[in-house]
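Next comes coords23.pdb, with PDB, N, CA and C atoms.
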```pdb
MODEL        1
ATOM      1  N   MET A 271      92.060 124.582  90.209
ATOM      2  CA  MET A 271      93.327 124.729  90.891
ATOM      3  C   MET A 271      93.582 123.479  91.741
ATOM      4  N   ILE A 272      94.754 122.903  91.606
ATOM      5  CA  ILE A 272      95.148 121.724  92.376
ATOM      6  C   ILE A 272      95.908 122.189  93.617
ATOM      7  N   ARG A 273      95.398 121.817  94.769
ATOM      8  CA  ARG A 273      96.012 122.204  96.033
ATOM      9  C   ARG A 273      97.000 121.119  96.458
ATOM     10  N   VAL A 274      98.262 121.516  96.671
ATOM     11  CA  VAL A 274      99.332 120.569  96.977
ATOM     12  C   VAL A 274      99.964 120.902  98.321
ATOM     13  N   ALA A 275     100.169 119.870  99.139
ATOM     14  CA  ALA A 275     100.920 120.000 100.392
ATOM     15  C   ALA A 275     102.180 119.154 100.268
ATOM     16  N   ILE A 276     103.264 119.646 100.845
ATOM     17  CA  ILE A 276     104.538 118.932 100.801
ATOM     18  C   ILE A 276     104.942 118.575 102.222
ATOM     19  N   PHE A 277     105.128 117.275 102.474
ATOM     20  CA  PHE A 277     105.608 116.791 103.777
ATOM     21  C   PHE A 277     107.005 116.251 103.555
ATOM     22  N   ASP A 278     107.979 116.920 104.139
ATOM     23  CA  ASP A 278     109.369 116.554 103.887
ATOM     24  C   ASP A 278     110.173 116.652 105.172
ATOM     25  N   ASN A 279     110.656 115.524 105.654
ATOM     26  CA  ASN A 279     111.493 115.510 106.856
ATOM     27  C   ASN A 279     112.964 115.636 106.535
ATOM     28  N   ASP A 280     113.289 115.903 105.300
ATOM     29  CA  ASP A 280     114.679 115.923 104.849
ATOM     30  C   ASP A 280     115.467 117.083 105.446
ATOM     31  N   ASN A 281     114.786 118.128 105.853
ATOM     32  CA  ASN A 281     115.442 119.328 106.375
ATOM     33  C   ASN A 281     116.450 119.910 105.396
ATOM     34  N   ASN A 282     116.213 119.703 104.118
ATOM     35  CA  ASN A 282     117.077 120.251 103.081
ATOM     36  C   ASN A 282     116.329 121.424 102.458
ATOM     37  N   ALA A 283     116.600 122.606 102.964
ATOM     38  CA  ALA A 283     115.867 123.793 102.528
ATOM     39  C   ALA A 283     116.044 124.051 101.039
ATOM     40  N   LYS A 284     117.226 123.778 100.513
ATOM     41  CA  LYS A 284     117.488 124.004  99.092
ATOM     42  C   LYS A 284     116.596 123.100  98.230
ATOM     43  N   PHE A 285     116.472 121.848  98.613
ATOM     44  CA  PHE A 285     115.622 120.916  97.869
ATOM     45  C   PHE A 285     114.165 121.356  97.931
ATOM     46  N   GLN A 286     113.693 121.694  99.128
ATOM     47  CA  GLN A 286     112.305 122.114  99.285
ATOM     48  C   GLN A 286     112.005 123.357  98.455
ATOM     49  N   LYS A 287     112.920 124.317  98.491
ATOM     50  CA  LYS A 287     112.726 125.551  97.733
ATOM     51  C   LYS A 287     112.658 125.254  96.235
ATOM     52  N   HIS A 288     113.528 124.382  95.761
ATOM     53  CA  HIS A 288     113.539 124.017  94.342
ATOM     54  C   HIS A 288     112.221 123.337  93.953
ATOM     55  N   LEU A 289     111.750 122.429  94.775
ATOM     56  CA  LEU A 289     110.493 121.728  94.492
ATOM     57  C   LEU A 289     109.324 122.711  94.452
ATOM     58  N   VAL A 290     109.251 123.603  95.418
ATOM     59  CA  VAL A 290     108.170 124.590  95.451
ATOM     60  C   VAL A 290     108.237 125.495  94.221
ATOM     61  N   ASN A 291     109.444 125.913  93.852
ATOM     62  CA  ASN A 291     109.589 126.761  92.662
ATOM     63  C   ASN A 291     109.143 126.039  91.393
ATOM     64  N   LEU A 292     109.449 124.757  91.288
ATOM     65  CA  LEU A 292     108.987 123.966  90.137
ATOM     66  C   LEU A 292     107.460 123.916  90.088
ATOM     67  N   LEU A 293     106.854 123.670  91.229
ATOM     68  CA  LEU A 293     105.392 123.567  91.273
ATOM     69  C   LEU A 293     104.720 124.915  91.004
ATOM     70  N   LYS A 294     105.315 125.998  91.465
ATOM     71  CA  LYS A 294     104.719 127.328  91.267
ATOM     72  C   LYS A 294     104.734 127.758  89.806
ATOM     73  N   ARG A 295     105.560 127.124  89.006
ATOM     74  CA  ARG A 295     105.578 127.437  87.566
ATOM     75  C   ARG A 295     104.310 126.967  86.867
ATOM     76  N   GLU A 296     103.637 126.023  87.482
ATOM     77  CA  GLU A 296     102.418 125.476  86.890
ATOM     78  C   GLU A 296     101.232 126.359  87.270
ATOM     79  N   PRO A 297     100.504 126.861  86.284
ATOM     80  CA  PRO A 297      99.419 127.796  86.580
ATOM     81  C   PRO A 297      98.244 127.181  87.330
ATOM     82  N   ASP A 298      98.115 125.860  87.296
ATOM     83  CA  ASP A 298      96.971 125.228  87.949
ATOM     84  C   ASP A 298      97.349 124.520  89.253
ATOM     85  N   ILE A 299      98.535 124.850  89.831
ATOM     86  CA  ILE A 299      98.962 124.249  91.093
ATOM     87  C   ILE A 299      99.170 125.340  92.136
ATOM     88  N   ASN A 300      98.619 125.096  93.320
ATOM     89  CA  ASN A 300      98.782 126.000  94.450
ATOM     90  C   ASN A 300      99.379 125.201  95.618
ATOM     91  N   VAL A 301     100.605 125.537  96.035
ATOM     92  CA  VAL A 301     101.231 124.874  97.184
ATOM     93  C   VAL A 301     100.636 125.509  98.439
ATOM     94  N   VAL A 302      99.848 124.716  99.172
ATOM     95  CA  VAL A 302      99.134 125.247 100.331
ATOM     96  C   VAL A 302      99.877 125.014 101.638
ATOM     97  N   ALA A 303     100.877 124.117 101.633
ATOM     98  CA  ALA A 303     101.606 123.854 102.876
ATOM     99  C   ALA A 303     102.905 123.138 102.592
ATOM    100  N   GLN A 304     103.893 123.449 103.425
ATOM    101  CA  GLN A 304     105.154 122.724 103.483
ATOM    102  C   GLN A 304     105.349 122.396 104.950
ATOM    103  N   GLU A 305     105.317 121.134 105.282
ATOM    104  CA  GLU A 305     105.355 120.745 106.688
ATOM    105  C   GLU A 305     106.127 119.462 106.874
ATOM    106  N   GLU A 306     106.442 119.201 108.133
ATOM    107  CA  GLU A 306     106.921 117.884 108.507
ATOM    108  C   GLU A 306     105.698 117.000 108.689
ATOM    109  N   THR A 307     105.910 115.707 108.610
ATOM    110  CA  THR A 307     104.785 114.787 108.782
ATOM    111  C   THR A 307     104.479 114.601 110.255
ATOM    112  N   GLY A 308     103.578 113.700 110.546
ATOM    113  CA  GLY A 308     103.193 113.437 111.926
ATOM    114  C   GLY A 308     101.946 114.220 112.271
ATOM    115  N   ILE A 309     101.804 114.555 113.531
ATOM    116  CA  ILE A 309     100.603 115.237 114.017
ATOM    117  C   ILE A 309     100.402 116.567 113.298
ATOM    118  N   SER A 310     101.468 117.343 113.122
ATOM    119  CA  SER A 310     101.318 118.627 112.443
ATOM    120  C   SER A 310     100.879 118.438 110.997
ATOM    121  N   GLY A 311     101.340 117.363 110.366
ATOM    122  CA  GLY A 311     100.942 117.065 108.994
ATOM    123  C   GLY A 311      99.464 116.768 108.883
ATOM    124  N   LEU A 312      98.947 116.001 109.824
ATOM    125  CA  LEU A 312      97.517 115.689 109.816
ATOM    126  C   LEU A 312      96.684 116.956 110.041
ATOM    127  N   LYS A 313      97.162 117.821 110.891
ATOM    128  CA  LYS A 313      96.447 119.074 111.148
ATOM    129  C   LYS A 313      96.409 119.932 109.883
ATOM    130  N   ILE A 314      97.517 119.966 109.171
ATOM    131  CA  ILE A 314      97.580 120.723 107.915
ATOM    132  C   ILE A 314      96.573 120.170 106.913
ATOM    133  N   VAL A 315      96.474 118.847 106.816
ATOM    134  CA  VAL A 315      95.518 118.232 105.874
ATOM    135  C   VAL A 315      94.097 118.634 106.260
ATOM    136  N   GLU A 316      93.791 118.602 107.536
ATOM    137  CA  GLU A 316      92.452 118.982 107.990
ATOM    138  C   GLU A 316      92.157 120.447 107.675
ATOM    139  N   GLU A 317      93.142 121.323 107.875
ATOM    140  CA  GLU A 317      92.925 122.754 107.673
ATOM    141  C   GLU A 317      92.937 123.149 106.200
ATOM    142  N   GLN A 318      93.913 122.650 105.453
ATOM    143  CA  GLN A 318      94.123 123.094 104.074
ATOM    144  C   GLN A 318      93.401 122.253 103.026
ATOM    145  N   LYS A 319      93.048 121.031 103.368
ATOM    146  CA  LYS A 319      92.350 120.113 102.459
ATOM    147  C   LYS A 319      93.018 120.041 101.073
ATOM    148  N   PRO A 320      94.295 119.637 101.041
ATOM    149  CA  PRO A 320      94.978 119.542  99.748
ATOM    150  C   PRO A 320      94.402 118.410  98.899
ATOM    151  N   ASP A 321      94.505 118.568  97.595
ATOM    152  CA  ASP A 321      94.096 117.505  96.676
ATOM    153  C   ASP A 321      95.180 116.438  96.586
ATOM    154  N   VAL A 322      96.427 116.886  96.712
ATOM    155  CA  VAL A 322      97.587 115.994  96.579
ATOM    156  C   VAL A 322      98.582 116.313  97.691
ATOM    157  N   ILE A 323      99.171 115.254  98.255
ATOM    158  CA  ILE A 323     100.235 115.419  99.239
ATOM    159  C   ILE A 323     101.478 114.738  98.683
ATOM    160  N   LEU A 324     102.575 115.483  98.653
ATOM    161  CA  LEU A 324     103.870 114.932  98.267
ATOM    162  C   LEU A 324     104.614 114.600  99.550
ATOM    163  N   ILE A 325     104.979 113.329  99.716
ATOM    164  CA  ILE A 325     105.639 112.880 100.939
ATOM    165  C   ILE A 325     107.036 112.389 100.605
ATOM    166  N   ASP A 326     108.002 112.870 101.362
ATOM    167  CA  ASP A 326     109.392 112.447 101.209
ATOM    168  C   ASP A 326     109.521 110.991 101.630
ATOM    169  N   SER A 327     110.012 110.147 100.732
ATOM    170  CA  SER A 327     110.142 108.721 101.035
ATOM    171  C   SER A 327     111.318 108.438 101.958
ATOM    172  N   ASP A 328     112.163 109.432 102.232
ATOM    173  CA  ASP A 328     113.311 109.231 103.124
ATOM    174  C   ASP A 328     112.971 109.418 104.597
ATOM    175  N   GLN A 329     111.741 109.770 104.883
ATOM    176  CA  GLN A 329     111.380 109.968 106.279
ATOM    177  C   GLN A 329     111.394 108.623 107.008
ATOM    178  N   PRO A 330     111.441 108.656 108.330
ATOM    179  CA  PRO A 330     111.420 107.383 109.064
ATOM    180  C   PRO A 330     110.251 106.514 108.625
ATOM    181  N   PHE A 331     110.520 105.261 108.360
ATOM    182  CA  PHE A 331     109.552 104.363 107.727
ATOM    183  C   PHE A 331     108.226 104.303 108.474
ATOM    184  N   THR A 332     108.247 104.022 109.759
ATOM    185  CA  THR A 332     106.980 103.843 110.470
ATOM    186  C   THR A 332     106.194 105.135 110.573
ATOM    187  N   GLU A 333     106.881 106.256 110.758
ATOM    188  CA  GLU A 333     106.174 107.537 110.856
ATOM    189  C   GLU A 333     105.440 107.842 109.555
ATOM    190  N   GLY A 334     106.117 107.649 108.433
ATOM    191  CA  GLY A 334     105.495 107.906 107.136
ATOM    192  C   GLY A 334     104.324 106.994 106.868
ATOM    193  N   LEU A 335     104.481 105.745 107.245
ATOM    194  CA  LEU A 335     103.416 104.771 107.045
ATOM    195  C   LEU A 335     102.200 105.097 107.898
ATOM    196  N   GLU A 336     102.447 105.429 109.157
ATOM    197  CA  GLU A 336     101.347 105.757 110.062
ATOM    198  C   GLU A 336     100.618 107.021 109.611
ATOM    199  N   SER A 337     101.361 108.042 109.238
ATOM    200  CA  SER A 337     100.741 109.289 108.776
ATOM    201  C   SER A 337      99.920 109.047 107.520
ATOM    202  N   THR A 338     100.489 108.299 106.588
ATOM    203  CA  THR A 338      99.793 107.999 105.333
ATOM    204  C   THR A 338      98.507 107.234 105.605
ATOM    205  N   GLU A 339      98.577 106.254 106.485
ATOM    206  CA  GLU A 339      97.390 105.453 106.818
ATOM    207  C   GLU A 339      96.284 106.333 107.418
ATOM    208  N   LYS A 340      96.657 107.251 108.310
ATOM    209  CA  LYS A 340      95.671 108.146 108.923
ATOM    210  C   LYS A 340      95.059 109.086 107.888
ATOM    211  N   ILE A 341      95.896 109.613 107.013
ATOM    212  CA  ILE A 341      95.392 110.525 105.980
ATOM    213  C   ILE A 341      94.422 109.805 105.060
ATOM    214  N   ILE A 342      94.798 108.619 104.622
ATOM    215  CA  ILE A 342      93.942 107.844 103.707
ATOM    216  C   ILE A 342      92.614 107.491 104.373
ATOM    217  N   SER A 343      92.648 107.144 105.647
ATOM    218  CA  SER A 343      91.400 106.752 106.311
ATOM    219  C   SER A 343      90.458 107.940 106.523
ATOM    220  N   LYS A 344      91.012 109.142 106.745
ATOM    221  CA  LYS A 344      90.169 110.314 107.009
ATOM    222  C   LYS A 344      89.840 111.116 105.759
ATOM    223  N   PHE A 345      90.728 111.073 104.772
ATOM    224  CA  PHE A 345      90.571 111.918 103.585
ATOM    225  C   PHE A 345      90.735 111.071 102.327
ATOM    226  N   GLN A 346      89.714 110.306 102.003
ATOM    227  CA  GLN A 346      89.796 109.355 100.894
ATOM    228  C   GLN A 346      90.021 110.017  99.538
ATOM    229  N   ASP A 347      89.635 111.255  99.381
ATOM    230  CA  ASP A 347      89.797 111.931  98.086
ATOM    231  C   ASP A 347      91.184 112.544  97.900
ATOM    232  N   THR A 348      91.973 112.595  98.961
ATOM    233  CA  THR A 348      93.321 113.164  98.877
ATOM    234  C   THR A 348      94.277 112.124  98.313
ATOM    235  N   LYS A 349      95.013 112.508  97.291
ATOM    236  CA  LYS A 349      95.988 111.610  96.663
ATOM    237  C   LYS A 349      97.351 111.814  97.319
ATOM    238  N   ILE A 350      98.128 110.747  97.405
ATOM    239  CA  ILE A 350      99.449 110.811  98.017
ATOM    240  C   ILE A 350     100.481 110.320  97.020
ATOM    241  N   ILE A 351     101.549 111.102  96.877
ATOM    242  CA  ILE A 351     102.660 110.738  96.004
ATOM    243  C   ILE A 351     103.924 110.730  96.855
ATOM    244  N   PHE A 352     104.658 109.622  96.814
ATOM    245  CA  PHE A 352     105.924 109.534  97.537
ATOM    246  C   PHE A 352     107.049 110.000  96.629
ATOM    247  N   LEU A 353     107.886 110.876  97.164
ATOM    248  CA  LEU A 353     109.029 111.389  96.419
ATOM    249  C   LEU A 353     110.272 110.591  96.783
ATOM    250  N   SER A 354     111.151 110.455  95.810
ATOM    251  CA  SER A 354     112.402 109.745  96.045
ATOM    252  C   SER A 354     113.533 110.520  95.380
ATOM    253  N   LYS A 355     114.686 110.549  96.032
ATOM    254  CA  LYS A 355     115.863 111.200  95.464
ATOM    255  C   LYS A 355     116.956 110.150  95.255
ATOM    256  N   ASP A 356     117.857 110.439  94.316
ATOM    257  CA  ASP A 356     118.995 109.536  94.161
ATOM    258  C   ASP A 356     119.906 109.693  95.380
ATOM    259  N   SER A 357     120.893 108.804  95.514
ATOM    260  CA  SER A 357     121.718 108.783  96.720
ATOM    261  C   SER A 357     122.513 110.073  96.912
ATOM    262  N   SER A 358     122.809 110.800  95.856
ATOM    263  CA  SER A 358     123.531 112.073  96.003
ATOM    264  C   SER A 358     122.602 113.189  96.471
ATOM    265  N   GLY A 359     121.300 113.005  96.293
ATOM    266  CA  GLY A 359     120.329 114.032  96.666
ATOM    267  C   GLY A 359     120.162 115.095  95.615
ATOM    268  N   ASP A 360     120.784 114.896  94.445
ATOM    269  CA  ASP A 360     120.731 115.906  93.395
ATOM    270  C   ASP A 360     119.503 115.811  92.507
ATOM    271  N   TYR A 361     118.906 114.632  92.416
ATOM    272  CA  TYR A 361     117.795 114.428  91.475
ATOM    273  C   TYR A 361     116.595 113.854  92.191
ATOM    274  N   LEU A 362     115.427 114.391  91.843
ATOM    275  CA  LEU A 362     114.160 113.928  92.402
ATOM    276  C   LEU A 362     113.583 112.879  91.478
TER
ENDMDL
END
```
If you took the structure in this file and wrote it as structure tokens, what would it be?
Amino acid sequence: MIRVAIFDNDNNAKFQKHLVNLLKREPDINVVAQEETGISGLKIVEEQKPDVILIDSDQPFTEGLESTEKIISKFQDTKIIFLSKDSSGDYL
């Protein structure tokens, strides 16, 4: 089972729900957290130990970079994937 955490500062509940529903269709994926990044995000990684973290690339640049750097330094086995949407927000 692949444990996935989603860090999304987009505050777009419809997008988040759609992404989670897509991932739940996969029998070998378990979404263990949906959170904002920053301190709470690091705490989630420590508690849930996800294999993969999906990070919204639209979050504030320095916050995302700092969080990613901390995660990589503490959890070398955790993979990080940055998500990107088109300008309309309709496509991931």
Between CA of Asp278 in chain A and atom N of Gln304 in chain A - distance in Å to one decimal: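 Here the two named atoms are 8.8 Å from each other.
Restricting the calculation to only C-alpha atoms, the smallest distance between Val302 in chain A and any of A:Glu336, A:Glu316, A:Ile276, A:His288 is found for A:Ile276.
Note that the spacing between CA of Ile314 in chain A and CA of Arg295 in chain A amounts to 22.9 Å.
You will find CA of Asp347 in chain A at 21.8 Å from CA of Pro297 in chain A.
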Pick from A:Asp321, A:Val290, A:Val315, A:Val274, whichever lies nearest to Ala303 in chain A using only N, CA and C atoms: A:Val274
Residue nearest Leu324 in chain A - candidates A:Leu353, A:Leu289, A:Val301, A:Leu312, atoms counted: only C-alpha atoms: A:Leu353
Residue nearest Ile342 in chain A among A:Glu317, A:Leu292, A:Val322, A:Lys287 (counting only C-alpha atoms):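 Among the listed residues, the smallest separation from Ile342 in chain A belongs to A:Val322.
Minimum atom-to-atom distance to Ile323 in chain A, evaluated using all atoms listed in the file, belongs to A:Thr348 out of A:Ser343, A:Gln286, A:Ser354, A:Thr348.
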Minimum-distance residue to Gly311 in chain A, chosen among A:Ile351, A:Leu293, A:Ile272, A:Ile341 (using only N, CA and C atoms):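 Of all the options, A:Ile341 lies closest to Gly311 in chain A.
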